[in-house]
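Coordinates as given in structure.txt (compact mmCIF, C-alpha atoms and all ligand atoms):
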# COMPACT_ATOMS: atom_id res chain seq x y z
CA MET A 107 -4.22 -10.36 1.33
CA SER A 108 -7.54 -12.09 1.83
CA GLY A 109 -10.63 -9.92 1.34
CA ASP A 110 -9.90 -6.43 2.69
CA ILE A 111 -8.06 -7.52 5.82
CA PRO A 112 -4.28 -7.31 5.39
CA GLU A 113 -2.45 -10.44 6.50
CA THR A 114 -0.48 -10.51 9.71
CA THR A 115 3.26 -10.85 9.16
CA PRO A 116 5.88 -12.34 11.50
CA LEU A 117 7.27 -8.83 11.91
CA GLU A 118 3.87 -7.49 12.98
CA GLU A 119 3.63 -10.22 15.61
CA ARG A 120 7.07 -9.37 16.95
CA LEU A 121 6.23 -5.67 17.07
CA ILE A 122 2.93 -6.37 18.86
CA ASP A 123 4.81 -8.40 21.50
CA LEU A 124 7.41 -5.66 21.86
CA ILE A 125 4.77 -2.93 22.26
CA LYS A 126 2.87 -5.01 24.84
CA LEU A 127 6.08 -5.30 26.81
CA LYS A 128 7.59 -1.83 26.44
CA GLY A 129 4.88 0.49 25.15
CA PRO A 130 4.50 2.34 21.83
CA ILE A 131 7.49 2.85 19.51
CA THR A 132 8.38 5.81 17.30
CA ILE A 133 7.41 5.79 13.63
CA ALA A 134 11.16 5.91 12.90
CA ASP A 135 11.72 2.65 14.77
CA TYR A 136 8.74 1.12 12.98
CA MET A 137 10.11 2.18 9.57
CA THR A 138 13.58 0.87 10.37
CA ASP A 139 12.23 -2.57 11.26
CA ALA A 140 9.67 -2.70 8.46
CA LEU A 141 12.29 -1.83 5.82
CA THR A 142 15.63 -3.14 7.02
CA HIS A 143 15.05 -5.76 9.73
CA PRO A 144 17.78 -8.38 8.98
CA HIS A 145 15.27 -11.19 8.38
CA GLU A 146 11.81 -9.72 8.08
CA GLY A 147 12.53 -6.30 6.55
CA TYR A 148 10.87 -5.38 3.26
CA TYR A 149 14.16 -4.92 1.39
CA MET A 150 15.47 -8.31 2.61
CA GLN A 151 12.30 -10.18 1.73
CA SER A 152 11.11 -9.18 -1.66
CA SER A 153 12.14 -8.02 -5.09
CA PRO A 154 10.56 -4.62 -4.71
CA ILE A 155 11.47 -2.75 -7.89
CA GLY A 156 10.22 -2.93 -11.49
CA ALA A 157 7.07 -4.03 -13.26
CA ASP A 158 6.92 -7.31 -11.28
CA GLY A 159 7.71 -5.58 -7.99
CA ASP A 160 5.85 -3.02 -5.92
CA PHE A 161 7.08 0.20 -7.45
CA THR A 162 9.18 1.49 -10.31
CA THR A 163 11.80 4.23 -10.50
CA ALA A 164 13.16 6.65 -13.10
CA PRO A 165 16.20 4.57 -14.14
CA GLU A 166 13.89 1.57 -14.59
CA ILE A 167 11.62 3.63 -16.84
CA SER A 168 14.17 5.31 -19.10
CA GLN A 169 17.86 4.70 -19.78
CA VAL A 170 18.17 8.42 -20.58
CA PHE A 171 17.92 9.21 -16.87
CA GLY A 172 21.14 7.37 -15.96
CA GLU A 173 22.92 8.42 -19.13
CA LEU A 174 22.36 12.11 -18.47
CA ILE A 175 23.49 11.64 -14.88
CA GLY A 176 26.57 9.79 -16.15
CA LEU A 177 27.48 12.76 -18.34
CA TRP A 178 26.78 15.11 -15.42
CA LEU A 179 29.20 13.09 -13.27
CA VAL A 180 31.93 13.17 -15.91
CA GLU A 181 31.61 16.96 -16.11
CA ALA A 182 31.67 17.28 -12.32
CA TRP A 183 34.76 15.06 -12.16
CA GLN A 184 36.53 17.23 -14.75
CA ALA A 185 35.56 20.39 -12.86
CA MET A 186 37.24 18.85 -9.77
CA GLY A 187 40.48 18.62 -11.80
CA SER A 188 39.92 15.00 -12.93
CA PRO A 189 41.31 13.35 -9.76
CA ALA A 190 43.20 10.14 -10.63
CA ALA A 191 41.40 8.23 -7.87
CA PHE A 192 37.95 8.95 -6.49
CA ASN A 193 34.93 7.17 -5.02
CA LEU A 194 31.85 6.90 -7.21
CA ILE A 195 29.27 6.09 -4.56
CA GLU A 196 25.65 5.12 -5.06
CA LEU A 197 23.33 5.06 -2.06
CA GLY A 198 20.56 2.47 -2.40
CA PRO A 199 21.34 1.24 -5.94
CA GLY A 200 18.24 -0.97 -6.33
CA ARG A 201 18.80 -3.35 -9.24
CA GLY A 202 21.98 -1.58 -10.40
CA VAL A 203 20.33 -0.10 -13.49
CA LEU A 204 21.28 3.51 -12.75
CA MET A 205 24.96 2.65 -12.15
CA ALA A 206 25.10 0.55 -15.33
CA ASP A 207 23.65 3.45 -17.37
CA ILE A 208 26.02 5.92 -15.70
CA LEU A 209 29.07 3.79 -16.53
CA ARG A 210 27.95 3.26 -20.13
CA ALA A 211 27.52 7.01 -20.74
CA ALA A 212 30.79 7.79 -18.95
CA ARG A 213 32.76 5.67 -21.43
CA LEU A 214 32.96 8.92 -23.39
CA ARG A 215 35.88 9.83 -21.07
CA PRO A 216 37.76 6.59 -20.39
CA GLY A 217 39.80 8.25 -17.62
CA PHE A 218 36.64 8.55 -15.52
CA ALA A 219 35.99 4.83 -15.12
CA LYS A 220 39.73 4.17 -14.60
CA ALA A 221 39.85 6.66 -11.75
CA ALA A 222 36.57 5.57 -10.16
CA GLN A 223 36.22 3.08 -7.36
CA VAL A 224 32.53 2.21 -7.41
CA TRP A 225 30.99 1.82 -3.94
CA LEU A 226 27.43 0.63 -3.45
CA LEU A 227 25.71 1.22 -0.11
CA GLU A 228 23.08 -1.48 0.01
CA THR A 229 21.28 -3.16 2.87
CA SER A 230 19.60 -5.97 0.91
CA GLY A 231 21.49 -9.17 0.10
CA ARG A 232 19.09 -9.94 -2.73
CA LEU A 233 19.55 -6.57 -4.37
CA ARG A 234 23.34 -6.83 -3.94
CA LEU A 235 23.24 -9.98 -6.06
CA GLU A 236 21.25 -8.22 -8.77
CA GLN A 237 23.68 -5.30 -8.71
CA GLN A 238 26.62 -7.66 -8.99
CA LYS A 239 25.07 -9.42 -11.98
CA ARG A 240 24.18 -6.21 -13.77
CA LEU A 241 27.59 -4.59 -13.25
CA LYS A 242 29.64 -7.67 -14.12
CA PRO A 243 29.96 -6.81 -17.82
CA THR A 244 31.30 -3.34 -17.00
CA GLU A 245 34.93 -2.71 -16.14
CA ALA A 246 33.94 -1.42 -12.68
CA LYS A 247 34.93 -3.61 -9.77
CA PRO A 248 32.29 -2.48 -7.32
CA LEU A 249 32.63 -2.82 -3.57
CA TRP A 250 29.69 -2.94 -1.20
CA ALA A 251 29.23 -1.18 2.13
CA ASP A 252 26.72 -1.72 4.93
CA ASP A 253 27.47 1.66 6.43
CA TYR A 254 28.56 4.90 4.86
CA ALA A 255 31.34 5.13 7.50
CA ASP A 256 32.90 1.93 6.08
CA ILE A 257 33.78 3.66 2.80
CA PRO A 258 37.42 4.88 2.93
CA PRO A 259 37.68 8.66 2.52
CA ALA A 260 38.53 9.93 -0.98
CA PRO A 261 37.25 12.65 -3.31
CA SER A 262 33.68 11.53 -3.89
CA LEU A 263 30.85 11.76 -6.37
CA ILE A 264 27.73 10.43 -4.69
CA VAL A 265 24.38 9.62 -6.32
CA ALA A 266 21.17 8.77 -4.49
CA ASN A 267 17.91 8.18 -6.36
CA GLU A 268 14.94 7.34 -4.14
CA PHE A 269 17.20 6.56 -1.19
CA PHE A 270 16.46 9.35 1.29
CA ASP A 271 12.72 8.62 1.13
CA CYS A 272 13.50 5.27 2.81
CA LEU A 273 15.17 6.91 5.79
CA PRO A 274 13.04 6.88 8.94
CA ILE A 275 10.99 9.90 9.94
CA ARG A 276 9.29 10.84 13.19
CA GLN A 277 5.87 12.48 13.27
CA PHE A 278 4.32 14.98 15.68
CA GLU A 279 0.63 15.80 15.97
CA ARG A 280 -0.86 19.12 17.11
CA ILE A 281 -3.30 18.67 19.95
CA LYS A 282 -5.13 21.51 21.67
CA SER A 283 -2.32 22.46 24.05
CA GLY A 284 0.73 21.81 21.83
CA TRP A 285 2.54 18.93 20.16
CA ARG A 286 2.72 15.21 20.95
CA GLU A 287 4.74 12.56 19.14
CA ARG A 288 2.68 10.24 16.95
CA LEU A 289 3.70 6.71 17.87
CA VAL A 290 2.93 3.15 16.82
CA GLY A 291 0.96 1.33 19.53
CA LEU A 292 -1.88 -1.15 19.57
CA ASP A 293 -5.41 -0.57 18.30
CA GLU A 294 -7.78 -1.08 21.24
CA LYS A 295 -10.40 -2.87 19.16
CA THR A 296 -8.31 -5.13 16.95
CA GLY A 297 -5.17 -5.54 19.06
CA ARG A 298 -3.16 -4.92 15.90
CA LEU A 299 -0.83 -2.01 15.17
CA GLY A 300 -2.40 1.44 15.38
CA PHE A 301 -1.34 5.06 15.82
CA THR A 302 -1.33 6.58 19.27
CA LEU A 303 0.10 9.74 20.86
CA GLY A 304 2.96 10.20 23.30
CA LYS A 305 2.02 11.53 26.72
CA THR A 306 4.61 14.29 27.11
CA PRO A 307 5.52 17.22 24.86
CA PRO A 308 8.60 16.81 22.63
CA PRO A 309 11.78 18.72 23.63
CA PRO A 310 11.83 22.41 22.60
CA ASP A 311 14.94 21.95 20.45
CA TYR A 312 12.88 19.89 17.98
CA ASP A 313 11.81 23.29 16.74
CA LEU A 314 8.20 22.39 15.89
CA PRO A 315 5.93 25.06 14.38
CA SER A 316 4.36 27.43 16.90
CA VAL A 317 0.77 27.03 18.06
CA GLU A 318 -0.14 30.02 15.87
CA GLU A 319 1.39 28.42 12.78
CA SER A 320 -0.56 25.17 13.19
CA LYS A 321 -3.97 23.85 14.12
CA GLU A 322 -5.30 20.81 15.95
CA GLY A 323 -4.76 17.61 13.99
CA ASP A 324 -1.81 18.93 11.95
CA ILE A 325 1.16 16.61 11.47
CA PHE A 326 4.80 17.72 11.36
CA GLU A 327 7.58 15.37 10.28
CA ILE A 328 11.28 15.32 11.17
CA SER A 329 13.88 12.92 9.82
CA PHE A 330 16.81 12.99 12.21
CA GLU A 331 18.37 10.18 10.17
CA THR A 332 18.36 12.32 7.03
CA ARG A 333 19.99 15.22 8.84
CA LYS A 334 22.64 12.93 10.34
CA PHE A 335 23.34 11.25 7.01
CA ALA A 336 23.59 14.60 5.20
CA ALA A 337 26.09 15.85 7.79
CA GLU A 338 28.17 12.67 7.41
CA ILE A 339 28.26 12.97 3.62
CA CYS A 340 29.13 16.66 3.80
CA LYS A 341 32.09 15.93 6.06
CA THR A 342 33.58 13.80 3.24
CA LEU A 343 32.78 16.43 0.61
CA ILE A 344 34.41 19.21 2.62
CA GLU A 345 37.50 17.22 3.60
CA GLN A 346 38.02 15.37 0.32
CA GLY A 347 36.11 17.34 -2.31
CA GLY A 348 33.13 16.26 -4.34
CA HIS A 349 29.38 16.41 -4.85
CA ALA A 350 26.32 14.44 -3.76
CA LEU A 351 23.44 14.41 -6.24
CA ILE A 352 20.21 13.63 -4.42
CA ILE A 353 17.03 12.88 -6.34
CA ASP A 354 13.76 12.11 -4.62
CA TYR A 355 10.14 13.05 -4.25
CA GLY A 356 9.58 15.66 -1.67
CA HIS A 357 8.95 19.29 -0.89
CA MET A 358 11.17 22.31 -1.42
CA GLU A 359 10.13 23.92 1.87
CA ARG A 360 9.56 22.51 5.31
CA GLY A 361 5.87 22.33 6.12
CA LEU A 362 2.99 20.57 7.76
CA GLY A 363 1.56 17.33 6.40
CA ASP A 364 1.54 13.56 6.75
CA THR A 365 3.59 12.00 3.94
CA LEU A 366 4.19 8.54 5.39
CA GLN A 367 3.04 6.13 2.72
CA ALA A 368 3.15 2.46 1.91
CA VAL A 369 2.98 0.98 -1.58
CA ARG A 370 2.41 -2.63 -2.53
CA ASN A 371 2.00 -3.99 -6.00
CA HIS A 372 1.93 -0.45 -7.46
CA LYS A 373 -1.00 0.60 -5.17
CA TYR A 374 -1.21 2.54 -1.91
CA TRP A 375 -1.38 0.37 1.17
CA PRO A 376 -2.13 1.21 4.85
CA PRO A 377 1.28 2.12 6.38
CA LEU A 378 0.88 -0.05 9.49
CA ALA A 379 -0.52 -3.10 7.67
CA SER A 380 1.65 -6.15 6.90
CA PRO A 381 5.02 -4.61 7.87
CA GLY A 382 7.83 -6.13 5.82
CA ARG A 383 5.55 -6.80 2.84
CA ALA A 384 5.00 -3.24 1.60
CA ASP A 385 7.40 -0.43 0.72
CA LEU A 386 7.29 2.38 3.23
CA THR A 387 8.51 5.90 2.49
CA ALA A 388 8.10 9.55 3.38
CA HIS A 389 8.62 12.67 1.29
CA VAL A 390 12.06 14.21 1.58
CA ASP A 391 12.15 17.60 3.26
CA PHE A 392 14.75 19.28 1.03
CA GLU A 393 14.86 22.41 3.17
CA SER A 394 16.07 20.43 6.18
CA LEU A 395 18.50 18.54 4.00
CA ALA A 396 19.98 21.83 2.72
CA ASP A 397 20.09 23.26 6.27
CA ALA A 398 21.97 20.20 7.53
CA ALA A 399 24.48 20.55 4.67
CA ILE A 400 24.99 24.28 5.20
CA ASP A 401 25.34 23.80 8.98
CA ALA A 402 28.06 21.25 8.25
CA GLY A 403 29.90 23.82 6.08
CA ALA A 404 28.99 22.47 2.63
CA ALA A 405 27.13 24.19 -0.21
CA ALA A 406 23.61 23.16 -1.23
CA HIS A 407 22.40 23.75 -4.81
CA GLY A 408 18.73 23.50 -5.74
CA PRO A 409 16.42 21.80 -5.36
CA VAL A 410 15.21 22.04 -8.94
CA THR A 411 12.45 19.86 -10.29
CA GLN A 412 13.55 16.65 -12.01
CA GLY A 413 11.93 17.78 -15.27
CA ARG A 414 13.85 21.04 -15.30
CA PHE A 415 17.11 19.37 -14.32
CA LEU A 416 16.85 16.77 -17.11
CA ASP A 417 15.89 19.45 -19.65
CA ARG A 418 18.94 21.50 -18.68
CA LEU A 419 21.11 18.41 -19.09
CA GLY A 420 19.89 18.02 -22.70
CA LEU A 421 17.10 15.45 -22.42
CA ALA A 422 15.46 16.34 -25.75
CA LEU A 423 18.68 16.02 -27.77
CA ARG A 424 19.62 12.74 -26.10
CA VAL A 425 16.17 11.27 -26.77
CA GLU A 426 16.28 12.22 -30.44
CA ALA A 427 19.80 10.79 -30.81
CA LEU A 428 18.60 7.51 -29.29
CA CYS A 429 15.54 7.37 -31.56
CA LYS A 430 17.63 7.61 -34.76
CA GLY A 431 17.56 4.35 -36.69
CA GLN A 432 14.99 2.78 -34.33
CA THR A 433 11.69 1.25 -35.45
CA PRO A 434 8.73 3.61 -34.92
CA GLU A 435 7.57 1.40 -31.99
CA ASN A 436 10.95 1.58 -30.26
CA ALA A 437 11.21 5.32 -30.86
CA ASP A 438 7.74 5.77 -29.34
CA ALA A 439 8.77 3.76 -26.29
CA ILE A 440 11.94 5.85 -25.84
CA ARG A 441 9.95 9.11 -26.15
CA SER A 442 7.19 8.02 -23.77
CA GLY A 443 9.71 6.81 -21.15
CA ALA A 444 11.46 10.17 -21.30
CA ALA A 445 8.12 11.99 -21.03
CA ARG A 446 7.23 9.97 -17.96
CA ILE A 447 10.37 10.91 -16.04
CA ALA A 448 10.35 14.57 -17.08
CA SER A 449 6.80 15.81 -17.61
CA PRO A 450 5.11 17.77 -14.81
CA GLY A 451 2.05 15.50 -14.74
CA ALA A 452 4.19 12.40 -14.17
CA MET A 453 7.54 12.41 -12.31
CA GLY A 454 8.94 15.72 -13.56
CA GLU A 455 7.63 17.98 -10.84
CA ILE A 456 7.09 15.96 -7.67
CA PHE A 457 10.68 14.69 -7.93
CA LYS A 458 13.36 17.20 -7.02
CA VAL A 459 17.12 17.25 -7.51
CA MET A 460 19.55 18.75 -5.02
CA CYS A 461 23.33 18.83 -5.03
CA LEU A 462 25.40 19.04 -1.86
CA SER A 463 28.93 20.15 -2.66
CA ALA A 464 32.34 21.01 -1.32
CA PRO A 465 32.12 24.77 -0.83
CA ASN A 466 34.96 25.74 -3.20
CA LEU A 467 33.66 24.02 -6.36
CA PRO A 468 31.88 25.75 -9.27
CA VAL A 469 28.09 25.40 -9.39
CA PRO A 470 27.44 22.06 -11.14
CA ALA A 471 25.44 21.75 -14.37
CA GLY A 472 21.67 21.95 -14.01
CA PHE A 473 21.76 24.20 -10.94
CA GLU A 474 22.64 27.52 -12.60
CA SER A 475 20.21 30.20 -11.44
N1 LIG Y 1 18.06 3.81 -6.56
C1 LIG Y 1 17.30 2.67 -7.03
C2 LIG Y 1 16.48 1.99 -5.95
C3 LIG Y 1 15.60 2.81 -5.06
S1 LIG Y 1 14.81 1.80 -3.83
C4 LIG Y 1 16.44 3.08 -8.20
O1 LIG Y 1 16.33 4.27 -8.45
O2 LIG Y 1 15.87 2.21 -8.87
C5 LIG Y 1 15.76 2.08 -2.40
C6 LIG Y 1 17.10 1.40 -2.36
O3 LIG Y 1 17.76 1.75 -1.13
C7 LIG Y 1 17.08 -0.12 -2.38
O4 LIG Y 1 18.22 -0.58 -3.07
C8 LIG Y 1 17.16 -0.44 -0.87
O5 LIG Y 1 17.53 -1.76 -0.63
C9 LIG Y 1 18.14 0.59 -0.41
N2 LIG Y 1 18.07 0.96 1.01
C10 LIG Y 1 16.98 1.36 1.70
N3 LIG Y 1 17.29 1.68 2.98
C11 LIG Y 1 18.63 1.49 3.08
C12 LIG Y 1 19.58 1.68 4.15
N4 LIG Y 1 19.19 2.12 5.33
N5 LIG Y 1 20.88 1.38 3.89
C13 LIG Y 1 21.29 0.95 2.68
N6 LIG Y 1 20.44 0.77 1.64
C14 LIG Y 1 19.14 1.03 1.83
Is it possible to express this structure as structure tokens?
Amino acid sequence: MSGDIPETTPLEERLIDLIKLKGPITIADYMTDALTHPHEGYYMQSSPIGADGDFTTAPEISQVFGELIGLWLVEAWQAMGSPAAFNLIELGPGRGVLMADILRAARLRPGFAKAAQVWLLETSGRLRLEQQKRLKPTEAKPLWADDYADIPPAPSLIVANEFFDCLPIRQFERIKSGWRERLVGLDEKTGRLGFTLGKTPPPPDYDLPSVEESKEGDIFEISFETRKFAAEICKTLIEQGGHALIIDYGHMERGLGDTLQAVRNHKYWPPLASPGRADLTAHVDFESLADAAIDAGAAAHGPVTQGRFLDRLGLALRVEALCKGQTPENADAIRSGAARIASPGAMGEIFKVMCLSAPNLPVPAGFES
């Protein structure tokens, strides 16, 4: 970036040409290209995660996160009758840290790793290499999938941390007379990407808030991709048995608000600037996720806040066990990492945890009412 003007990227130029030719595109199409375009997409281009990347995540901050989830998975597997063969699936595994921590904690029950076929759903070739490297020392022989549908059906335990926030959303803006879709077009002054509005009202089955429930300028978001993905996962859970543990930042209840955000180098960035060079996400609407699961015939537990979930899984005890025998500096680092992922002022409250489950299974740990 030079001065305050974000650089143009090859992807921005392609999108500008496309919009000149065909007109504005949906925010969902913009997000898909910006994140997962085979050559220019953000996840193909950069090393996004960690201190040297653009953002960091709970498993990167504290090993306790993945260890507690590993123990949760072992318990869930046992409550399913310890199936001798099952899929342990991670959606969007990043640098493979969470899966490595899960597998280490799960060594407590050797049968778990023996029965598990690890599947990693990952779009980025670069991140696949990192995952491969990190999981090499474990006994898991992971397989990778481009599409969820490529994973052969089996009883499944699915984990997704900060995956659903990458799935494309569409936005709608309240104008005086009703709703219009917010689209990505060209800014009249600069000729670069800018927001614009669709000309016709969206179909009634989009179920947007009524005119009384909203005011001019309000934004409403829908992620059709999230709903479709949730339904697909739930089909496996219902037919084969299992749970999907979904952790992400988002809201418990559907509501108005613009949550599309870009982050670059640990700072907010304008969402339409330099596509392919900044991470682009939206908050997860957990109410819609639960509705999609219930409509598909699955059960939805939670969401509970990440802080509460980790506390219920025994965060404090695990932290103290890890601190034993450590130098005071190391013990401080372990405690402050744990505080960052669980305390309300940091990641403990904005992040939520939801579990989608086969309907006949007992309520999993952490979701008791
Ligand atoms: N779960 C990791 C990484 C979160 S970042 C962690 O907690 O650290 C999001 C991850 O999802 C990255 O691995 C990214 O490459 C992957 N991803 C994003 N969109 C995807 C898609 N449509 N299909 C498959 N993987 C995707």
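Between CA of Ala402 (chain A) and CA of Ser329 (chain A) the interatomic distance comes to 16.5 Å.
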Original post:
How would you write, as a PyMOL selection string, the set of residues no farther than 7 Å from ligand LIG 1 (chain Y) when counting only C-alpha atoms and all ligand atoms?
Top reply: chain A and resi 141-142+149+155+162-166+197-201+203-204+227-230+233+252+266-269+272-273
**OP:** Find the residue from A:Pro189, A:Gly431, A:Pro258, A:Pro381 that sits nearest to Arg298 (chain A); use all atoms listed in the file when measuring.
**Re:** A:Pro381
Subject >> Residues near region 168-180 of chain A, cut-off 7 Å, only C-alpha atoms, skip fewer than 3 positions along chain, as a PyMOL selection string >> reply: chain A and resi 164-165+183-184+204+207-209+211-212+218+419+443-444+471
**OP:** Skip Glu331 (chain A) itself and residues of its chain fewer than 6 positions away, then list as a PyMOL selection string all residues within 10 Å of it, counting all atoms listed in the file.
**Re:** chain A and resi 134+270+273-276+337
Can I get the selection written as an mmCIF file, keeping the file's coordinate frame, with C-alpha atoms?
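The file below, part_5.cif, is the result:
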data_model
loop_
_atom_site.group_PDB
_atom_site.id
_atom_site.type_symbol
_atom_site.label_atom_id
_atom_site.label_comp_id
_atom_site.auth_asym_id
_atom_site.auth_seq_id
_atom_site.Cartn_x
_atom_site.Cartn_y
_atom_site.Cartn_z
ATOM 1 C CA ALA A 134 11.160 5.910 12.900
ATOM 2 C CA PHE A 270 16.460 9.350 1.290
ATOM 3 C CA LEU A 273 15.170 6.910 5.790
ATOM 4 C CA PRO A 274 13.040 6.880 8.940
ATOM 5 C CA ILE A 275 10.990 9.900 9.940
ATOM 6 C CA ARG A 276 9.290 10.840 13.190
ATOM 7 C CA ALA A 337 26.090 15.850 7.790
#
Subject >> Pick from A:Asp256, A:Glu393, A:Asp135, A:Asp401 nearest to Lys341 (chain A), counting all atoms listed in the file >> reply: A:Asp401
**OP:** Considering only C-alpha atoms, state which residue in the set A:Leu124, A:Leu214, A:Met137, A:Ala251 is at the smallest distance from Leu226 (chain A).
**Re:**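 Closest candidate: A:Ala251.
Across the model, the gap from CA of Ser153 (chain A) to CA of Ile257 (chain A) is 25.8 Å.
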Original post:
What does the distance between CA of Val459 (chain A) and CA of Ile325 (chain A) come to in Å, to one decimal place?
Top reply: 24.8 Å
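Shortest atom-to-atom contact with Pro130 (chain A) among A:Ala379, A:Ile447, A:Leu292, A:Leu194: A:Leu292, counting only C-alpha atoms.
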Subject >> Ser188 (chain A) environment, 12 Å, all atoms listed in the file, sequence neighbours closer than 3 positions dropped, as a list in words >> reply: Leu179, Val180, Glu181, Ala182, Trp183, Gln184, Ala185, Ala191, Phe192, Arg215, Pro216, Gly217, Phe218, Ala219, Lys220, Ala221, Ala222, Pro261, Ser262, Leu263, Gly347 and Gly348 of chain A
Please, can region 322-338 of chain A be completed to N, CA, C and O atoms and returned as a CSV table (one decimal), keeping the file's coordinate frame?
chain,number,residue,atom,x,y,z
A,322,GLU,N,-5.1,22.2,15.4
A,322,GLU,CA,-5.3,20.8,16.0
A,322,GLU,C,-5.4,19.8,14.8
A,322,GLU,O,-6.1,20.0,13.8
A,323,GLY,N,-4.7,18.7,15.0
A,323,GLY,CA,-4.8,17.6,14.0
A,323,GLY,C,-3.6,17.7,13.0
A,323,GLY,O,-3.4,16.7,12.2
A,324,ASP,N,-2.9,18.8,12.9
A,324,ASP,CA,-1.8,18.9,12.0
A,324,ASP,C,-0.7,18.0,12.3
A,324,ASP,O,-0.5,17.6,13.5
A,325,ILE,N,0.0,17.5,11.3
A,325,ILE,CA,1.2,16.6,11.5
A,325,ILE,C,2.4,17.3,11.0
A,325,ILE,O,2.4,18.0,10.0
A,326,PHE,N,3.5,17.2,11.8
A,326,PHE,CA,4.8,17.7,11.4
A,326,PHE,C,5.8,16.6,11.4
A,326,PHE,O,5.8,15.8,12.3
A,327,GLU,N,6.6,16.5,10.4
A,327,GLU,CA,7.6,15.4,10.3
A,327,GLU,C,9.0,15.9,10.4
A,327,GLU,O,9.4,16.9,9.9
A,328,ILE,N,9.8,15.0,11.1
A,328,ILE,CA,11.3,15.3,11.2
A,328,ILE,C,12.0,14.0,10.9
A,328,ILE,O,11.7,13.0,11.5
A,329,SER,N,13.0,14.1,10.0
A,329,SER,CA,13.9,12.9,9.8
A,329,SER,C,15.3,13.2,10.4
A,329,SER,O,16.1,13.8,9.7
A,330,PHE,N,15.5,12.8,11.6
A,330,PHE,CA,16.8,13.0,12.2
A,330,PHE,C,17.9,12.2,11.4
A,330,PHE,O,19.0,12.6,11.3
A,331,GLU,N,17.4,11.0,10.9
A,331,GLU,CA,18.4,10.2,10.2
A,331,GLU,C,18.9,10.9,8.9
A,331,GLU,O,20.1,10.8,8.6
A,332,THR,N,18.0,11.6,8.2
A,332,THR,CA,18.4,12.3,7.0
A,332,THR,C,19.4,13.4,7.4
A,332,THR,O,20.4,13.6,6.7
A,333,ARG,N,19.1,14.1,8.5
A,333,ARG,CA,20.0,15.2,8.8
A,333,ARG,C,21.4,14.7,9.2
A,333,ARG,O,22.4,15.2,8.8
A,334,LYS,N,21.4,13.5,9.9
A,334,LYS,CA,22.6,12.9,10.3
A,334,LYS,C,23.4,12.4,9.1
A,334,LYS,O,24.6,12.6,9.0
A,335,PHE,N,22.7,11.8,8.2
A,335,PHE,CA,23.3,11.2,7.0
A,335,PHE,C,23.9,12.4,6.2
A,335,PHE,O,25.0,12.3,5.7
A,336,ALA,N,23.1,13.5,6.0
A,336,ALA,CA,23.6,14.6,5.2
A,336,ALA,C,24.9,15.2,5.8
A,336,ALA,O,25.8,15.5,5.1
A,337,ALA,N,24.9,15.3,7.1
A,337,ALA,CA,26.1,15.8,7.8
A,337,ALA,C,27.3,14.9,7.6
A,337,ALA,O,28.4,15.4,7.3
A,338,GLU,N,27.1,13.6,7.6
A,338,GLU,CA,28.2,12.7,7.4
A,338,GLU,C,28.7,12.8,6.0
A,338,GLU,O,30.0,12.8,5.8
